[in-house]
Amino acid sequence: MAPYCYLCHTTCRKCSGVAATQCTSCYSGMFLSSGTCVSTCPPGKWGDTATNTCINCYSSGSSPYTCATCIGPANNECVSCNTGYLYSGQCLASCPTGYFPQTSPSRVCQPCHTSATSPFSCRTCNGGESNNCQSCTEITFLYPTSYGQCIDVCPAGYWGDTTSWKCQPCYNPGGSPDRKACATCFGGGATSCLTCATGTYYFSVDKSCLSTCPPGYYANGLPNPNNLCVQCYQNNPPASPDGTCLTCNGPYSNNCLSCGNFQYLDSTTGKCVNTCPIGWYANPSTNKCEKCYEAPSTASTYQNCYTCTGGTYKDCTACLPGTYLYQEDQTCLYTCPPGWWADLPSRTCKICYQYNAAFPAVFTCATCTAENSNNCQSCNSPYFLDSTTGTCVQTCPDGYWGDPGSKTCKPCFSTAVPTDIMKTCKTCSGGDNNQCTSCNSGNYLYTNSNICLGGVQEGGIQILLHSLASSVSRAVLLRVFRTPVRPAPDQTAINV
């Protein structure tokens, strides 16, 4: 019996049987896959239009992996992946820079955020938003550091690290160290600050933030970003002639709080000075001008110092008007002590005249009005003040006697009446008329009564008796004149 041709299934161009699964070739637009002509090849295969057959996609156990679906046989003609992530037709183990792996609804590499303005493009990312960056391209910095945005200027408290291209935190030690946290910075160290938080101060010398400025600087008290440690006033003649402040509370020469060696804080002006003002002394232990002694009252023995070397009443070097410097103990007194006199021009107590062997008859003054030997007011025992010369003498001059009680030369008995019987003593041992020790020329010392008698001439006794009868009994006078009389130096004694 002759062979018989059966009609292929309508989907087959050629076939080996009448069933739809017995195709051996397909019409254009259809592809042979396991004996069936299909419009779309199954996963893992692609439709070859040249042969109208489904051919296996690229297959590999390593990246690039086998294509789940594809449009050709090459490893870069994948359309989807079962393993890895689709990027540029390949199924890769990881997405390249600038892409992140997406697992749903399909495993593909999606592009990271891109932008020419801030926030800028991510270099790597874990999502497609601007805050999904994990690293940044050069000249931009990742903030925060684990993932975030790519920015060109890090925010306050961070600095741009050009090795990692991340915004790293500024120095912030916590606790209470000497150096405080930076508000802004250019690095991560304590000395990499640019500005400081309000309440701390930027120290430009080492670029740190401090709660207390170091010596030579003061905190200007301003808020961030102008809170600075500003240098104290510096001596720089001729423009800045005043003394340098060691510590201060402002920029001017009168804002000093303390001074360096060999200068002293003048609290009346706030300046550092080489010499303290009148009424103050330089204290080298504190480098301050401190007040000279001030008396509790005007009735005090020791009065205010005008200038001084210390703070006690015995440290005076000059005194105020009305008081005098007693240099033996450096005190200021209303009245100089015995042996000293008040010199008004110098306002000092100067020592009275002291014994000088060149003038052996003149002795030391106990008190005085000036420095010369004739300025004595009183004398020391056993000497006497000669009021006629103002000197202290051992023997009073003629007409005077030394009174031990007052230590002065007091006048002997004297009379200016020519008719007086008893005459002036030339020298004496006391002030009475019967204390003469010698008589003036022309008079006679009656030694029994130590009186000086005048007008007695040898052979003239009766005349003398007659002249004395009115004031002295004749019996007394006869008794007197029967006693030998010691003549004055140019007279001879007579007997009655």
# chains A, B, ... in the order shown; residues from 1 in each chain; ligands from 1
call {"tool": "select_by_dssp", "arguments": {"residues": "region 157-334 of chain A", "states": "strand (DSSP E)", "output": "ChimeraX atom specification"}}
result
/A:158-161,166-169,179-180,182-185,193-196,201-203,208-210,217-219,229-231,245-248,256-259,264-266,271-273,280-283,288-291,305-308,316-319,324-326,331-333
call {"tool": "write_last_selection", "arguments": {"atoms": "C-alpha atoms", "output": "PDB file, in the first residue's frame"}}
result
ATOM      1  CA  TYR A 158      32.214  67.166  61.449  1.00  0.00           C
ATOM      2  CA  TRP A 159      35.127  67.549  59.069  1.00  0.00           C
ATOM      3  CA  GLY A 160      35.731  66.276  55.540  1.00  0.00           C
ATOM      4  CA  ASP A 161      38.211  63.392  55.575  1.00  0.00           C
ATOM      5  CA  LYS A 166      33.461  60.802  54.823  1.00  0.00           C
ATOM      6  CA  CYS A 167      32.340  63.450  57.313  1.00  0.00           C
ATOM      7  CA  GLN A 168      34.197  62.438  60.459  1.00  0.00           C
ATOM      8  CA  PRO A 169      33.192  63.783  63.900  1.00  0.00           C
ATOM      9  CA  ARG A 179      40.500  70.781  76.011  1.00  0.00           C
ATOM     10  CA  LYS A 180      36.806  70.862  75.142  1.00  0.00           C
ATOM     11  CA  CYS A 182      35.205  71.550  68.792  1.00  0.00           C
ATOM     12  CA  ALA A 183      32.059  73.100  67.291  1.00  0.00           C
ATOM     13  CA  THR A 184      33.647  73.028  63.822  1.00  0.00           C
ATOM     14  CA  CYS A 185      37.016  71.620  62.857  1.00  0.00           C
ATOM     15  CA  CYS A 193      39.237  73.171  65.995  1.00  0.00           C
ATOM     16  CA  LEU A 194      37.950  76.057  63.880  1.00  0.00           C
ATOM     17  CA  THR A 195      35.225  77.284  66.240  1.00  0.00           C
ATOM     18  CA  CYS A 196      33.971  76.358  69.698  1.00  0.00           C
ATOM     19  CA  TYR A 201      36.679  79.692  73.847  1.00  0.00           C
ATOM     20  CA  TYR A 202      38.827  79.224  70.752  1.00  0.00           C
ATOM     21  CA  PHE A 203      42.560  79.412  71.476  1.00  0.00           C
ATOM     22  CA  SER A 208      41.827  74.144  70.696  1.00  0.00           C
ATOM     23  CA  CYS A 209      38.635  74.894  72.634  1.00  0.00           C
ATOM     24  CA  LEU A 210      39.064  75.801  76.309  1.00  0.00           C
ATOM     25  CA  TYR A 217      44.715  85.621  77.199  1.00  0.00           C
ATOM     26  CA  TYR A 218      41.167  86.424  78.282  1.00  0.00           C
ATOM     27  CA  ALA A 219      37.770  84.979  77.326  1.00  0.00           C
ATOM     28  CA  CYS A 229      40.680  83.636  73.784  1.00  0.00           C
ATOM     29  CA  VAL A 230      42.058  87.091  73.034  1.00  0.00           C
ATOM     30  CA  GLN A 231      45.626  88.070  73.881  1.00  0.00           C
ATOM     31  CA  CYS A 245      49.432  91.879  81.488  1.00  0.00           C
ATOM     32  CA  LEU A 246      50.137  88.308  82.643  1.00  0.00           C
ATOM     33  CA  THR A 247      46.388  87.689  83.028  1.00  0.00           C
ATOM     34  CA  CYS A 248      43.564  90.079  82.219  1.00  0.00           C
ATOM     35  CA  CYS A 256      45.357  93.516  83.920  1.00  0.00           C
ATOM     36  CA  LEU A 257      44.570  90.993  86.673  1.00  0.00           C
ATOM     37  CA  SER A 258      48.166  89.935  87.356  1.00  0.00           C
ATOM     38  CA  CYS A 259      51.672  90.802  86.207  1.00  0.00           C
ATOM     39  CA  TYR A 264      53.378  94.909  89.836  1.00  0.00           C
ATOM     40  CA  LEU A 265      49.613  95.188  89.482  1.00  0.00           C
ATOM     41  CA  ASP A 266      48.452  98.699  90.334  1.00  0.00           C
ATOM     42  CA  LYS A 271      47.942  98.381  84.931  1.00  0.00           C
ATOM     43  CA  CYS A 272      51.220  96.515  85.367  1.00  0.00           C
ATOM     44  CA  VAL A 273      53.847  99.002  86.512  1.00  0.00           C
ATOM     45  CA  TRP A 280      51.571 101.622  97.834  1.00  0.00           C
ATOM     46  CA  TYR A 281      54.557  99.266  97.838  1.00  0.00           C
ATOM     47  CA  ALA A 282      55.731  96.584  95.420  1.00  0.00           C
ATOM     48  CA  ASN A 283      55.233  93.077  96.845  1.00  0.00           C
ATOM     49  CA  LYS A 288      51.065  93.434  93.269  1.00  0.00           C
ATOM     50  CA  CYS A 289      51.105  96.991  94.550  1.00  0.00           C
ATOM     51  CA  GLU A 290      49.816  96.731  98.110  1.00  0.00           C
ATOM     52  CA  LYS A 291      48.686  99.474 100.457  1.00  0.00           C
ATOM     53  CA  CYS A 305      53.070 106.035 105.549  1.00  0.00           C
ATOM     54  CA  TYR A 306      53.318 108.296 102.489  1.00  0.00           C
ATOM     55  CA  THR A 307      55.648 105.818 100.785  1.00  0.00           C
ATOM     56  CA  CYS A 308      56.831 102.481 102.120  1.00  0.00           C
ATOM     57  CA  CYS A 316      57.581 103.793 105.997  1.00  0.00           C
ATOM     58  CA  THR A 317      60.078 105.572 103.739  1.00  0.00           C
ATOM     59  CA  ALA A 318      58.319 108.976 103.688  1.00  0.00           C
ATOM     60  CA  CYS A 319      55.497 110.621 105.645  1.00  0.00           C
ATOM     61  CA  TYR A 324      57.921 112.971 110.350  1.00  0.00           C
ATOM     62  CA  LEU A 325      59.839 109.863 109.362  1.00  0.00           C
ATOM     63  CA  TYR A 326      61.763 108.377 112.264  1.00  0.00           C
ATOM     64  CA  THR A 331      57.703 105.006 111.450  1.00  0.00           C
ATOM     65  CA  CYS A 332      55.760 108.222 110.836  1.00  0.00           C
ATOM     66  CA  LEU A 333      55.283 110.312 114.006  1.00  0.00           C
TER      67      LEU A 333
END
call {"tool": "residues_around", "arguments": {"residues": "region 134-144 of chain A", "least_positions_apart": "2", "cutoff": "12 Å", "atoms": "only C-alpha atoms", "output": "PyMOL selection string"}}
result
chain A and resi 97-100+112-132+146-169
call {"tool": "atom_distance", "arguments": {"atom1": "CA of Ser94 (chain A)", "atom2": "CA of Thr40 (chain A)"}}
result
29.2 Å
call {"tool": "atom_distance", "arguments": {"atom1": "CA of Val18 (chain A)", "atom2": "CA of Gly47 (chain A)"}}
result
23.4 Å
call {"tool": "residues_around", "arguments": {"residues": "region 82-91 of chain A", "least_positions_apart": "5", "cutoff": "6 Å", "atoms": "only C-alpha atoms", "output": "PyMOL selection string"}}
result
chain A and resi 64-65+68+75-77+107-109
call {"tool": "residues_around", "arguments": {"residues": "Asn304 (chain A)", "least_positions_apart": "6", "cutoff": "6 Å", "atoms": "only C-alpha atoms", "output": "list in words"}}
result
Tyr293, Glu294 and Ala295 of chain A
call {"tool": "write_last_selection", "arguments": {"atoms": "C-alpha atoms", "output": "mmCIF file, in the first residue's frame"}}
result
data_model
loop_
_atom_site.group_PDB
_atom_site.id
_atom_site.type_symbol
_atom_site.label_atom_id
_atom_site.label_comp_id
_atom_site.auth_asym_id
_atom_site.auth_seq_id
_atom_site.Cartn_x
_atom_site.Cartn_y
_atom_site.Cartn_z
ATOM 1 C CA TYR A 293 50.198 101.227 106.505
ATOM 2 C CA GLU A 294 47.169 103.371 107.354
ATOM 3 C CA ALA A 295 46.649 104.449 110.957
#
call {"tool": "decode", "arguments": {"residues": "region 436-451 of chain A", "atoms": "N, CA and C atoms", "output": "tab-separated table (two decimals), in the first residue's frame"}}
result
chain	number	residue	atom	x	y	z
A	436	CYS	N	76.45	132.30	146.56
A	436	CYS	CA	77.54	132.75	145.69
A	436	CYS	C	78.80	131.94	145.98
A	437	THR	N	79.57	131.73	144.94
A	437	THR	CA	80.89	131.10	145.10
A	437	THR	C	82.01	132.04	144.68
A	438	SER	N	81.66	133.11	143.97
A	438	SER	CA	82.62	134.17	143.65
A	438	SER	C	81.84	135.41	143.33
A	439	CYS	N	82.55	136.56	143.36
A	439	CYS	CA	81.89	137.85	143.15
A	439	CYS	C	82.57	138.63	142.04
A	440	ASN	N	81.85	139.56	141.50
A	440	ASN	CA	82.40	140.41	140.48
A	440	ASN	C	83.43	141.37	141.08
A	441	SER	N	84.27	141.91	140.25
A	441	SER	CA	85.30	142.84	140.68
A	441	SER	C	84.69	144.01	141.44
A	442	GLY	N	85.31	144.36	142.58
A	442	GLY	CA	84.83	145.46	143.40
A	442	GLY	C	83.93	145.01	144.52
A	443	ASN	N	83.54	143.73	144.49
A	443	ASN	CA	82.70	143.17	145.53
A	443	ASN	C	83.47	142.09	146.27
A	444	TYR	N	82.92	141.72	147.47
A	444	TYR	CA	83.66	140.80	148.31
A	444	TYR	C	82.75	139.64	148.73
A	445	LEU	N	83.32	138.43	148.65
A	445	LEU	CA	82.59	137.23	149.05
A	445	LEU	C	82.73	137.03	150.55
A	446	TYR	N	81.60	137.06	151.24
A	446	TYR	CA	81.61	136.73	152.67
A	446	TYR	C	81.43	135.22	152.76
A	447	THR	N	82.49	134.51	153.07
A	447	THR	CA	82.51	133.05	152.93
A	447	THR	C	81.62	132.35	153.92
A	448	ASN	N	81.39	132.95	155.14
A	448	ASN	CA	80.51	132.28	156.09
A	448	ASN	C	79.08	132.20	155.59
A	449	SER	N	78.66	133.21	154.89
A	449	SER	CA	77.27	133.25	154.40
A	449	SER	C	77.18	133.16	152.89
A	450	ASN	N	78.31	133.02	152.18
A	450	ASN	CA	78.35	132.90	150.72
A	450	ASN	C	77.55	134.01	150.04
A	451	ILE	N	77.78	135.24	150.50
A	451	ILE	CA	77.13	136.38	149.87
A	451	ILE	C	78.21	137.30	149.34
